[in-house]
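The file upload-v8.cif comes next; it holds mmCIF, C-alpha atoms.
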```
data_structure
loop_
_atom_site.label_atom_id
_atom_site.label_comp_id
_atom_site.auth_asym_id
_atom_site.auth_seq_id
_atom_site.Cartn_x
_atom_site.Cartn_y
_atom_site.Cartn_z
CA MET A 502 91.55 74.42 100.30
CA ALA A 503 93.69 77.26 101.65
CA LYS A 504 94.00 80.38 99.55
CA SER A 505 97.57 80.90 98.38
CA LYS A 506 99.29 84.19 99.16
CA ILE A 507 101.27 85.98 96.51
CA PRO A 508 104.65 87.07 97.93
CA ILE A 509 105.93 90.62 97.76
CA LEU A 510 109.45 91.24 96.49
CA PRO A 511 110.58 94.28 98.51
CA ILE A 512 112.71 97.03 97.02
CA PHE A 513 113.97 99.31 99.82
CA LEU A 514 114.52 102.87 98.59
CA HIS A 515 116.25 104.06 101.80
CA HIS A 516 114.55 107.35 102.65
CA ALA A 517 114.32 108.36 98.96
CA GLY A 518 112.11 111.41 98.68
CA CYS A 519 111.81 111.77 102.44
CA PRO A 520 112.35 115.30 103.75
CA GLY A 521 113.68 113.88 107.05
CA LYS A 522 113.91 110.67 109.04
CA CYS A 523 110.86 109.51 110.93
CA THR A 524 111.67 108.03 114.34
CA TYR A 525 109.96 104.75 113.45
CA CYS A 526 111.76 104.34 110.10
CA ASN A 527 115.45 103.57 110.44
CA GLN A 528 116.37 101.92 107.13
CA GLU A 529 119.89 101.02 108.23
CA ILE A 530 118.41 98.80 110.95
CA LEU A 531 115.31 97.65 109.06
CA ASN A 532 117.01 96.44 105.88
CA GLY A 533 120.74 96.66 106.56
CA SER A 534 121.38 99.24 103.88
CA ASN A 535 122.11 102.93 103.78
CA ARG A 536 121.69 103.51 100.04
CA THR A 537 118.90 103.55 97.48
CA PRO A 538 119.26 101.21 94.51
CA ASP A 539 118.72 102.92 91.18
CA PRO A 540 116.13 101.41 88.79
CA ASN A 541 118.81 99.35 86.98
CA GLU A 542 120.00 97.81 90.25
CA SER A 543 116.39 97.13 91.22
CA ALA A 544 115.80 95.46 87.84
CA GLN A 545 118.75 93.17 88.52
CA GLN A 546 117.28 92.31 91.92
CA ILE A 547 114.01 91.34 90.21
CA ARG A 548 115.79 89.25 87.58
CA SER A 549 117.88 87.37 90.14
CA SER A 550 115.19 86.71 92.77
CA SER A 551 113.69 83.24 93.01
CA LEU A 552 110.41 84.91 94.09
CA THR A 553 109.85 86.02 90.50
CA GLU A 554 109.57 82.48 89.13
CA SER A 555 105.87 82.49 90.03
CA PRO A 556 103.32 85.29 90.56
CA PHE A 557 104.63 88.05 92.85
CA TYR A 558 103.97 91.63 93.83
CA LEU A 559 106.63 94.33 93.77
CA GLY A 560 106.85 96.53 96.88
CA PHE A 561 108.65 99.85 97.22
CA TYR A 562 109.35 100.55 100.88
CA GLY A 563 111.42 102.77 103.14
CA ALA A 564 110.76 105.91 101.12
CA SER A 565 108.17 108.50 100.28
CA PHE A 566 107.41 107.39 96.76
CA TRP A 567 105.29 110.43 95.89
CA ASP A 568 108.14 112.75 96.87
CA LEU A 569 110.42 111.29 94.20
CA PRO A 570 110.59 113.14 90.86
CA LEU A 571 107.78 111.95 88.58
CA GLU A 572 110.26 110.55 86.03
CA ARG A 573 111.93 108.45 88.76
CA GLN A 574 108.55 107.18 89.96
CA GLU A 575 107.78 106.01 86.43
CA GLN A 576 111.17 104.27 86.16
CA TYR A 577 110.51 102.28 89.34
CA LEU A 578 106.89 101.50 88.46
CA SER A 579 107.98 100.25 85.02
CA LEU A 580 110.03 97.53 86.71
CA CYS A 581 106.86 95.48 87.11
CA GLN A 582 106.80 95.16 83.32
CA ILE A 583 110.14 93.32 83.06
CA ASN A 584 108.65 90.11 84.44
CA PRO A 585 105.24 88.78 83.36
CA ASN A 586 104.79 87.20 86.81
CA CYS A 587 104.60 90.65 88.44
CA LYS A 588 100.92 91.03 89.31
CA GLY A 589 100.93 94.37 91.10
CA ILE A 590 102.78 97.07 93.01
CA SER A 591 102.66 98.23 96.63
CA LEU A 592 104.01 101.68 97.63
CA SER A 593 104.96 103.45 100.87
CA VAL A 594 104.19 107.16 100.76
CA ARG A 595 103.82 110.28 102.83
CA PRO A 596 100.35 111.63 102.04
CA MET A 597 101.36 115.27 101.68
CA ASN A 598 102.63 115.71 98.14
CA LEU A 599 100.08 113.91 95.99
CA SER A 600 99.37 115.52 92.62
CA ASN A 601 97.00 114.82 89.74
CA ALA A 602 100.00 113.84 87.59
CA GLN A 603 100.96 111.19 90.14
CA LEU A 604 97.42 109.83 90.28
CA GLN A 605 97.42 109.55 86.49
CA LEU A 606 100.77 107.75 86.62
CA MET A 607 99.47 105.28 89.23
CA LYS A 608 96.59 104.42 86.89
CA GLU A 609 99.05 103.37 84.17
CA PHE A 610 100.54 100.65 86.38
CA PRO A 611 99.09 97.82 88.47
CA VAL A 612 99.36 99.68 91.81
CA PHE A 613 97.14 97.74 94.19
CA ARG A 614 98.23 99.11 97.58
CA ILE A 615 99.33 102.51 98.82
CA GLU A 616 100.60 102.51 102.41
CA LEU A 617 100.34 105.92 104.04
CA GLY A 618 103.08 106.92 106.47
CA VAL A 619 101.52 108.83 109.32
CA GLN A 620 104.08 110.91 111.19
CA SER A 621 101.91 111.58 114.23
CA LEU A 622 98.54 110.76 115.74
CA HIS A 623 98.52 113.81 118.05
CA GLU A 624 95.87 116.25 116.92
CA GLU A 625 97.90 119.39 117.69
CA VAL A 626 100.81 118.07 115.61
CA LEU A 627 98.52 117.20 112.71
CA GLU A 628 96.90 120.64 112.86
CA ALA A 629 100.32 122.30 112.72
CA CYS A 630 101.12 120.42 109.52
#
```

Written as structure tokens, how would this file's structure read?
Amino acid sequence: MAKSKIPILPIFLHHAGCPGKCTYCNQEILNGSNRTPDPNESAQQIRSSSLTESPFYLGFYGASFWDLPLERQEQYLSLCQINPNCKGISLSVRPMNLSNAQLQLMKEFPVFRIELGVQSLHEEVLEAC
């Protein structure tokens, strides 16, 4: 018997928290939007999606989640609690601005995946950062 995959409901935060635009991350092209939904708009997206009728994961993409204000991070993470079928959260982040407060916040929610955005693989660029 094949193992079923749990779908991810994506919430695109359109460069929220990003200090600039990475060349590989053009949100206008990738998701057809040029704005970030606020938590209330994202909650409406969750409520109206047919994906949420069975187990699903919530994914926050197109942003640097850790660069958002801590209060805003908590507002987005709390969205998983509005539907009992939400089984976990996936985040896209830049690895630079991680704090102990953010790690504590992640522990309060079912974050199961953290995708690190790597801006360069050239050693001299990484050393300069």

### Query
Selected by the PyMOL selection byres ((chain A and resi 593) around 9) in the shown coordinates: which residues, as a VMD selection string?
chain A and resid 560 to 567 591 to 592 594 to 595 614 to 618

Output check: residues returned by the PyMOL selection byres ((chain A and resi 510) around 8), as a JSON list (two decimals) with C-alpha atoms, in the coordinates of the input:
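Everything below was put into expr.json:
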```
[["chain", "number", "residue", "atom", "x", "y", "z"],
["A", 508, "PRO", "CA", 104.65, 87.07, 97.93],
["A", 509, "ILE", "CA", 105.93, 90.62, 97.76],
["A", 511, "PRO", "CA", 110.58, 94.28, 98.51],
["A", 512, "ILE", "CA", 112.71, 97.03, 97.02],
["A", 547, "ILE", "CA", 114.01, 91.34, 90.21],
["A", 552, "LEU", "CA", 110.41, 84.91, 94.09],
["A", 553, "THR", "CA", 109.85, 86.02, 90.50],
["A", 557, "PHE", "CA", 104.63, 88.05, 92.85],
["A", 558, "TYR", "CA", 103.97, 91.63, 93.83],
["A", 559, "LEU", "CA", 106.63, 94.33, 93.77],
["A", 560, "GLY", "CA", 106.85, 96.53, 96.88]]
```

What residues have an atom no more than 6 Å from (99.9, 86.9, 93.4) in the file's own frame, counting all atoms listed in the file, and can you write them as a PDB file with C-alpha atoms, keeping the file's coordinate frame?
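Saved as result19.pdb:
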```
ATOM      1  CA  ILE A 507     101.270  85.980  96.510  1.00  0.00           C
ATOM      2  CA  PRO A 556     103.320  85.290  90.560  1.00  0.00           C
ATOM      3  CA  PHE A 557     104.630  88.050  92.850  1.00  0.00           C
ATOM      4  CA  LYS A 588     100.920  91.030  89.310  1.00  0.00           C
TER       5      LYS A 588
END
```

### Query
Written as a list of chain:residue names, which residues does the PyMOL selection byres ((chain A and resi 573) around 12) give for the file shown?
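Written out, the selection comes to A:Leu514, A:Ala517, A:Gly518, A:Pro538, A:Asp539, A:Pro540, A:Asn541, A:Phe566, A:Trp567, A:Asp568, A:Leu569, A:Pro570, A:Leu571, A:Glu572, A:Gln574, A:Glu575, A:Gln576, A:Tyr577, A:Leu578, A:Ser579, A:Leu580, A:Gln603, A:Leu606.
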
### Residue nearest Phe610 in chain A among A:Asn598, A:Ile590, A:Glu628, A:Ala544 (counting only C-alpha atoms)
A:Ile590

### Summary
Here CA of Ile583 in chain A and CA of Lys608 in chain A stand apart by 17.9 Å

### Task
Quote the spacing between CA of Cys587 in chain A and CA of Val612 in chain A in Å to one decimal place.
11.0 Å

#### Entry: Straight-line distance linking CA of Gln582 in chain A with CA of Pro611 in chain A, stated in Å to one decimal
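Here the two named atoms are 9.6 Å from each other.
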
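When only C-alpha atoms are used to compute distances to Cys581 in chain A, the closest of the residues A:Leu604, A:His515, A:Arg548, A:Thr537 turns out to be A:Arg548.
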